[in-house]
>>> print(open('structure19.cif').read())   # mmCIF, C-alpha atoms
data_coords
#
loop_
_atom_site.label_atom_id
_atom_site.label_comp_id
_atom_site.auth_asym_id
_atom_site.auth_seq_id
_atom_site.Cartn_x
_atom_site.Cartn_y
_atom_site.Cartn_z
CA MET H 148 14.09 -2.31 -20.56
CA THR H 149 13.54 -6.02 -20.85
CA CYS H 150 10.76 -7.58 -22.87
CA ASP H 151 9.87 -11.22 -22.53
CA GLY H 152 9.12 -12.13 -26.08
CA CYS H 153 7.08 -9.83 -25.55
CA THR H 154 4.80 -11.32 -22.90
CA SER H 155 5.81 -8.75 -20.31
CA VAL H 156 8.03 -5.71 -19.95
CA GLN H 157 10.56 -5.10 -17.18
CA LEU H 158 11.96 -1.63 -16.46
CA VAL H 159 13.56 -2.19 -13.03
CA ALA H 160 15.65 -5.07 -11.65
CA ASP H 161 14.16 -7.80 -9.50
CA TYR H 162 14.37 -7.79 -5.70
CA ASN H 163 17.76 -8.91 -4.39
CA LYS H 164 17.89 -10.37 -0.89
CA LYS H 165 21.65 -9.95 -0.54
CA ILE H 166 21.39 -6.20 -1.13
CA ASP H 167 18.48 -6.00 1.31
CA ASP H 168 20.38 -7.96 3.97
CA GLY H 169 23.68 -6.12 3.37
CA VAL H 170 22.10 -2.67 3.67
CA THR H 171 20.13 -3.71 6.78
CA ASP H 172 23.30 -5.07 8.38
CA LEU H 173 25.28 -1.90 7.63
CA GLN H 174 22.46 0.23 9.04
CA LYS H 175 22.51 -1.80 12.27
CA LYS H 176 26.29 -1.45 12.67
CA THR H 177 26.15 2.28 11.91
CA ASP H 178 23.30 2.98 14.30
CA THR H 179 25.09 0.98 17.01
CA LEU H 180 28.22 3.12 16.61
CA LEU H 181 26.33 6.42 16.54
CA VAL H 182 24.23 5.57 19.60
CA LYS H 183 27.41 4.60 21.46
CA LEU H 184 29.24 7.79 20.41
CA GLU H 185 26.34 10.01 21.37
CA ARG H 186 26.37 8.53 24.87
CA GLN H 187 30.14 8.36 25.26
CA PRO H 188 32.25 10.35 22.76
CA GLU H 189 35.54 8.77 21.70
CA PRO H 190 38.29 9.70 19.24
CA TYR H 191 38.36 8.58 15.62
CA SER H 192 41.29 6.23 16.33
CA LYS H 193 38.96 4.06 18.46
CA HIS H 194 36.70 3.14 15.57
CA THR H 195 38.79 3.02 12.43
CA GLY H 196 37.83 -0.67 12.23
CA PHE H 197 34.19 0.33 11.77
CA TYR H 198 35.07 2.47 8.74
CA ASP H 199 37.24 -0.28 7.25
CA ASP H 200 34.38 -2.79 7.56
CA ALA H 201 31.87 -0.32 6.17
CA LYS H 202 34.09 0.38 3.13
CA VAL H 203 34.39 -3.33 2.38
CA GLN H 204 30.67 -3.88 2.82
CA LEU H 205 29.80 -0.91 0.59
CA SER H 206 32.22 -2.11 -2.05
CA LEU H 207 30.59 -5.55 -2.06
CA LEU H 208 27.13 -4.02 -2.26
CA LYS H 209 28.18 -1.81 -5.16
CA THR H 210 29.70 -4.74 -7.08
CA ARG H 211 26.55 -6.78 -6.55
CA ALA H 212 24.25 -3.92 -7.56
CA ASP H 213 26.30 -3.21 -10.69
CA ALA H 214 26.15 -6.85 -11.74
CA ILE H 215 22.35 -6.83 -11.93
CA ALA H 216 20.63 -5.60 -15.10
CA LEU H 217 18.24 -2.63 -14.82
CA ASN H 218 19.66 -1.77 -11.41
CA SER H 219 21.24 1.64 -12.04
CA LEU H 220 19.04 3.41 -9.47
CA THR H 221 20.19 1.15 -6.64
CA SER H 222 23.81 1.42 -7.84
CA SER H 223 23.55 5.21 -7.68
CA GLN H 224 22.04 5.01 -4.21
CA ILE H 225 24.97 2.91 -3.01
CA ASP H 226 27.38 5.47 -4.52
CA LEU H 227 25.62 8.16 -2.49
CA LEU H 228 25.88 6.03 0.63
CA LYS H 229 29.61 5.57 0.02
CA SER H 230 29.93 9.31 -0.33
CA SER H 231 28.15 9.83 3.00
CA PHE H 232 30.46 7.39 4.77
CA THR H 233 33.51 9.14 3.27
CA GLU H 234 32.14 12.46 4.51
CA MET H 235 31.40 11.04 7.96
CA GLU H 236 34.88 9.56 8.31
CA ALA H 237 36.57 12.79 7.19
CA ASN H 238 34.59 14.77 9.74
CA ASP H 239 35.13 12.18 12.45
CA LYS H 240 38.89 12.60 11.92
CA LYS H 241 38.48 16.35 12.45
CA GLY H 242 36.49 15.79 15.64
CA ASN H 243 33.24 16.96 14.05
CA LEU H 244 31.29 13.78 14.83
CA ASP H 245 30.00 14.67 18.27
CA ARG H 246 26.78 15.26 20.20
CA ASP H 247 26.06 18.37 18.09
CA THR H 248 26.13 16.51 14.82
CA ILE H 249 25.32 12.87 15.58
CA PRO H 250 21.48 13.26 15.61
CA GLY H 251 21.57 14.96 12.19
CA VAL H 252 24.04 12.43 10.79
CA GLN H 253 21.94 9.53 12.05
CA ASP H 254 18.78 11.06 10.58
CA ALA H 255 20.42 11.53 7.16
CA LEU H 256 21.95 8.05 7.09
CA ASP H 257 18.72 6.39 8.22
CA ARG H 258 16.88 8.18 5.42
CA GLN H 259 19.44 6.89 2.94
CA PHE H 260 19.23 3.31 4.21
CA THR H 261 15.43 3.43 4.20
CA SER H 262 15.26 4.80 0.66
CA ILE H 263 17.40 1.91 -0.61
CA LEU H 264 15.35 -0.66 1.30
CA LYS H 265 12.06 0.89 0.16
CA LEU H 266 13.05 0.60 -3.49
CA GLU H 267 14.32 -2.95 -2.95
CA GLU H 268 11.03 -3.90 -1.30
CA ALA H 269 9.03 -2.38 -4.16
CA LYS H 270 11.01 -4.50 -6.62
CA LYS H 271 9.29 -7.58 -5.18
CA ARG H 272 6.19 -6.44 -7.12
CA ALA H 273 2.75 -7.54 -5.98
CA GLU H 274 2.04 -9.56 -9.04
CA LYS H 275 4.60 -10.30 -11.68
CA ALA H 276 3.94 -11.76 -15.10
CA PRO H 277 6.60 -14.05 -16.58
CA ALA H 278 9.20 -12.23 -18.67
CA ALA H 279 10.58 -13.52 -22.00
CA THR H 280 13.30 -11.22 -23.41
CA LYS H 281 15.53 -8.74 -21.66
CA SER H 282 17.18 -5.62 -23.05
CA SER H 283 18.90 -3.01 -20.93
CA MET D 118 -5.64 -1.27 -22.83
CA LEU D 119 -5.99 2.15 -21.23
CA ASP D 120 -8.66 0.85 -18.86
CA ALA D 121 -6.31 -1.91 -17.75
CA ALA D 122 -3.29 0.36 -17.36
CA ALA D 123 -4.88 3.34 -15.60
CA PRO D 124 -5.65 1.67 -12.22
CA LYS D 125 -2.02 0.59 -11.89
CA LEU D 126 -0.82 4.17 -12.25
CA GLN D 127 -3.63 5.55 -10.08
CA LYS D 128 -2.69 3.17 -7.28
CA ALA D 129 1.08 3.67 -7.45
CA TRP D 130 1.30 7.46 -7.78
CA PRO D 131 -0.34 8.37 -4.43
CA GLU D 132 2.01 5.97 -2.64
CA ALA D 133 5.09 7.52 -4.26
CA LYS D 134 3.71 11.02 -3.69
CA ASP D 135 3.05 10.40 0.01
CA TYR D 136 6.55 9.02 0.49
CA ALA D 137 8.14 11.94 -1.35
CA THR D 138 6.03 14.52 0.54
CA VAL D 139 6.94 13.13 3.96
CA GLU D 140 10.63 12.92 3.08
CA PHE D 141 10.73 16.45 1.62
CA LYS D 142 9.17 17.81 4.81
CA LYS D 143 11.70 15.98 7.00
CA TYR D 144 14.52 17.25 4.80
CA LEU D 145 13.34 20.87 5.00
CA MET D 146 12.93 20.62 8.79
CA GLN D 147 16.47 19.29 9.14
CA VAL D 148 17.93 22.01 6.91
CA GLU D 149 16.03 24.65 8.89
CA HIS D 150 17.31 23.18 12.14
CA ILE D 151 20.93 23.23 10.91
CA GLU D 152 20.52 26.85 9.83
CA GLU D 153 19.09 27.79 13.25
CA MET D 154 21.97 26.07 15.08
CA LYS D 155 24.47 27.83 12.86
CA LEU D 156 22.89 31.25 13.42
CA ALA D 157 22.74 30.63 17.17
CA LYS D 158 26.43 29.68 16.99
CA LYS D 159 25.64 26.27 18.49
CA ILE D 160 27.62 24.63 15.70
CA THR D 161 30.55 25.76 13.59
CA GLU D 162 30.35 26.56 9.89
CA GLU D 163 32.30 23.35 9.20
CA LYS D 164 29.85 21.18 11.15
CA ALA D 165 26.91 22.86 9.42
CA THR D 166 28.44 22.12 6.01
CA PHE D 167 29.00 18.50 7.06
CA LEU D 168 25.36 18.10 8.13
CA LEU D 169 24.04 19.80 4.99
CA ASP D 170 26.14 17.49 2.79
CA MET D 171 24.75 14.45 4.60
CA GLN D 172 21.19 15.73 4.19
CA ARG D 173 21.77 16.45 0.49
CA ASN D 174 22.95 12.87 -0.10
CA SER D 175 19.94 11.50 1.72
CA MET D 176 17.52 13.58 -0.35
CA ARG D 177 19.18 12.47 -3.59
CA SER D 178 18.73 8.87 -2.52
CA VAL D 179 15.05 9.51 -1.76
CA LEU D 180 14.59 11.03 -5.22
CA LEU D 181 16.10 7.90 -6.79
CA THR D 182 13.59 5.79 -4.88
CA VAL D 183 10.73 7.97 -6.12
CA GLU D 184 12.05 7.56 -9.67
CA GLY D 185 12.17 3.77 -9.17
CA LEU D 186 8.63 3.67 -7.81
CA GLY D 187 7.50 5.61 -10.87
CA LEU D 188 9.23 3.18 -13.22
CA LEU D 189 7.70 0.21 -11.42
CA ALA D 190 4.26 1.81 -11.80
CA VAL D 191 4.79 2.35 -15.52
CA GLU D 192 6.02 -1.23 -15.85
CA ALA D 193 2.89 -2.53 -14.11
CA ALA D 194 0.67 -0.37 -16.32
CA ILE D 195 2.31 -1.57 -19.55
CA ASN D 196 2.03 -5.20 -18.46
CA ALA D 197 -1.62 -4.77 -17.49
CA ALA D 198 -2.29 -3.27 -20.94
CA LEU D 199 -0.48 -6.16 -22.65
CA ASP D 200 -2.47 -8.66 -20.57
CA ALA D 201 -5.69 -6.99 -21.63
CA VAL D 202 -5.07 -7.48 -25.34
CA ARG D 203 -3.02 -10.69 -25.26
CA ASP D 204 -5.84 -13.16 -25.92
CA ALA D 205 -7.47 -11.00 -28.58
CA ILE D 206 -4.22 -10.56 -30.52
CA ASN D 207 -3.15 -14.18 -30.24
CA THR D 208 -6.60 -15.30 -31.41
CA ALA D 209 -6.57 -12.83 -34.31
CA ILE D 210 -3.15 -14.04 -35.47
CA GLY D 211 -4.35 -17.63 -35.21
CA GLY D 212 -2.46 -20.76 -36.15
CA GLY D 213 -1.57 -21.38 -32.50
CA TRP D 214 0.95 -18.54 -32.56
CA LYS D 215 1.50 -16.68 -29.31
CA VAL D 216 2.97 -13.34 -30.29
CA LEU D 217 2.08 -11.80 -26.95
#
>>> encode(input="structure19.cif", output="structure tokens")
Amino acid sequence: MTCDGCTSVQLVADYNKKIDDGVTDLQKKTDTLLVKLERQPEPYSKHTGFYDDAKVQLSLLKTRADAIALNSLTSSQIDLLKSSFTEMEANDKKGNLDRDTIPGVQDALDRQFTSILKLEEAKKRAEKAPAATKSS
Amino acid sequence: MLDAAAPKLQKAWPEAKDYATVEFKKYLMQVEHIEEMKLAKKITEEKATFLLDMQRNSMRSVLLTVEGLGLLAVEAAINAALDAVRDAINTAIGGGWKVL
């Protein structure tokens, strides 16, 4: 909790545009891959670059989220997203990412992306009083 | 203070509740669908486990958002309550002090 001297209280971090943009960008890349794979299946070896990029992007998002006070919920959400990408890559390697599973995978990932973006959007707060002191 | 805080909570809770309700329904439908595909042998046990794991992660993330929306509502309510008594307390303390 942060308390601004104590003119106002803050329980959740402020909105962060870089997290918003980073998550939106990753969602776009992921949806692009899944739409392509659903139309034309291809082996894991053809898109290892996608997983490498996603890992880097998730790592950057996690570092950024961790660096912000009162942001543990978003940090945990990014951990869950990392876990989903690990799961997706492992199953892609086994040939389990195909027309049977892609719609369900896309639905689950979209829900994850949306939940992160919804919380980020809510952090903008309709009306925010100035804060004086912060304690986490 | 209570009068100032209550509308903030009354406004925020239905929004969080609607979001959670819609997402729970989608989650249950997906889980049901996976179960049906597994029983009909349209997907293997391994693929079903993969899909269920993905759905579980997504639902956990939704629950974290609901928790965040709740915290933001409480934050808004506390700040509205503080706003409501700020002038009265600062005036009562006097001497130009602004304790709130």
>>> atom_distance(input="structure19.cif", atom1="atom CA of H:Ala160", atom2="atom CA of H:Leu217")
4.8 Å
>>> resolve_selection(input="structure19.cif", expression="the PyMOL selection byres ((chain D) within 8 of (chain H))", output="list in words")
Gln147, Lys159, Ile160, Lys164, Phe167, Leu168, Asp170, Met171, Gln172, Asn174, Ser175, Met176, Arg177, Ser178, Val179, Leu181, Thr182, Gly185, Leu186, Leu188, Leu189, Glu192, Ile195, Asn196, Leu199, Val216 and Leu217 of chain D
>>> closest_residue(input="structure19.cif", among="H:Ile215, H:Leu181, H:Ala201, H:Leu208", to="H:Asp239", atoms="all atoms listed in the file")
H:Leu181
>>> atom_distance(input="structure19.cif", atom1="atom CA of D:His150", atom2="atom CA of H:Asp172")
29.1 Å
>>> atom_distance(input="structure19.cif", atom1="atom CA of D:Pro124", atom2="atom CA of D:Val191")
11.0 Å
>>> closest_residue(input="structure19.cif", among="D:Asp120, D:Lys215, D:Tyr144, D:Leu126", to="D:Ala193", atoms="all atoms listed in the file")
D:Leu126
>>> closest_residue(input="structure19.cif", among="D:Ile210, D:Arg173, D:Glu132, D:Val183", to="D:Leu145", atoms="all atoms listed in the file")
D:Arg173
>>> residues_around(input="structure19.cif", residues="H:Gln204", least_positions_apart="4", cutoff="8 Å", atoms="only C-alpha atoms", output="list of chain:residue names")
H:Gly169, H:Leu173, H:Asp200, H:Leu208
>>> residues_around(input="structure19.cif", residues="D:Ala129", least_positions_apart="4", cutoff="7 Å", atoms="only C-alpha atoms", output="list in words")
Lys125, Ala133 and Ala190 of chain D
>>> closest_residue(input="structure19.cif", among="D:Val148, D:Glu162, D:Lys143, D:Ala194", to="D:Trp130", atoms="all atoms listed in the file")
D:Ala194
>>> build_atoms(input="structure19.cif", residues="stretch 181-192 of chain H", atoms="N, CA and C atoms", output="short mmCIF file (atom, residue, chain, number, x, y, z; two decimals), in the frame of the given file")
data_model
loop_
_atom_site.label_atom_id
_atom_site.label_comp_id
_atom_site.auth_asym_id
_atom_site.auth_seq_id
_atom_site.Cartn_x
_atom_site.Cartn_y
_atom_site.Cartn_z
N LEU H 181 26.77 5.04 16.27
CA LEU H 181 26.33 6.42 16.54
C LEU H 181 25.65 6.54 17.91
N VAL H 182 24.88 5.54 18.28
CA VAL H 182 24.23 5.57 19.60
C VAL H 182 25.30 5.55 20.70
N LYS H 183 26.33 4.71 20.48
CA LYS H 183 27.41 4.60 21.46
C LYS H 183 28.18 5.93 21.57
N LEU H 184 28.47 6.53 20.41
CA LEU H 184 29.24 7.79 20.41
C LEU H 184 28.46 8.95 21.01
N GLU H 185 27.14 8.91 20.82
CA GLU H 185 26.34 10.01 21.37
C GLU H 185 26.34 9.93 22.91
N ARG H 186 26.36 8.70 23.41
CA ARG H 186 26.37 8.53 24.87
C ARG H 186 27.76 8.80 25.44
N GLN H 187 28.76 8.25 24.75
CA GLN H 187 30.14 8.36 25.26
C GLN H 187 31.09 8.70 24.10
N PRO H 188 31.37 9.98 23.87
CA PRO H 188 32.25 10.35 22.76
C PRO H 188 33.62 9.68 22.86
N GLU H 189 34.18 9.33 21.72
CA GLU H 189 35.54 8.77 21.70
C GLU H 189 36.24 9.21 20.42
N PRO H 190 37.57 9.21 20.42
CA PRO H 190 38.29 9.70 19.24
C PRO H 190 38.17 8.76 18.05
N TYR H 191 38.42 9.33 16.89
CA TYR H 191 38.36 8.58 15.62
C TYR H 191 39.19 7.30 15.67
N SER H 192 40.37 7.38 16.31
CA SER H 192 41.29 6.23 16.33
C SER H 192 40.65 4.99 16.97
#
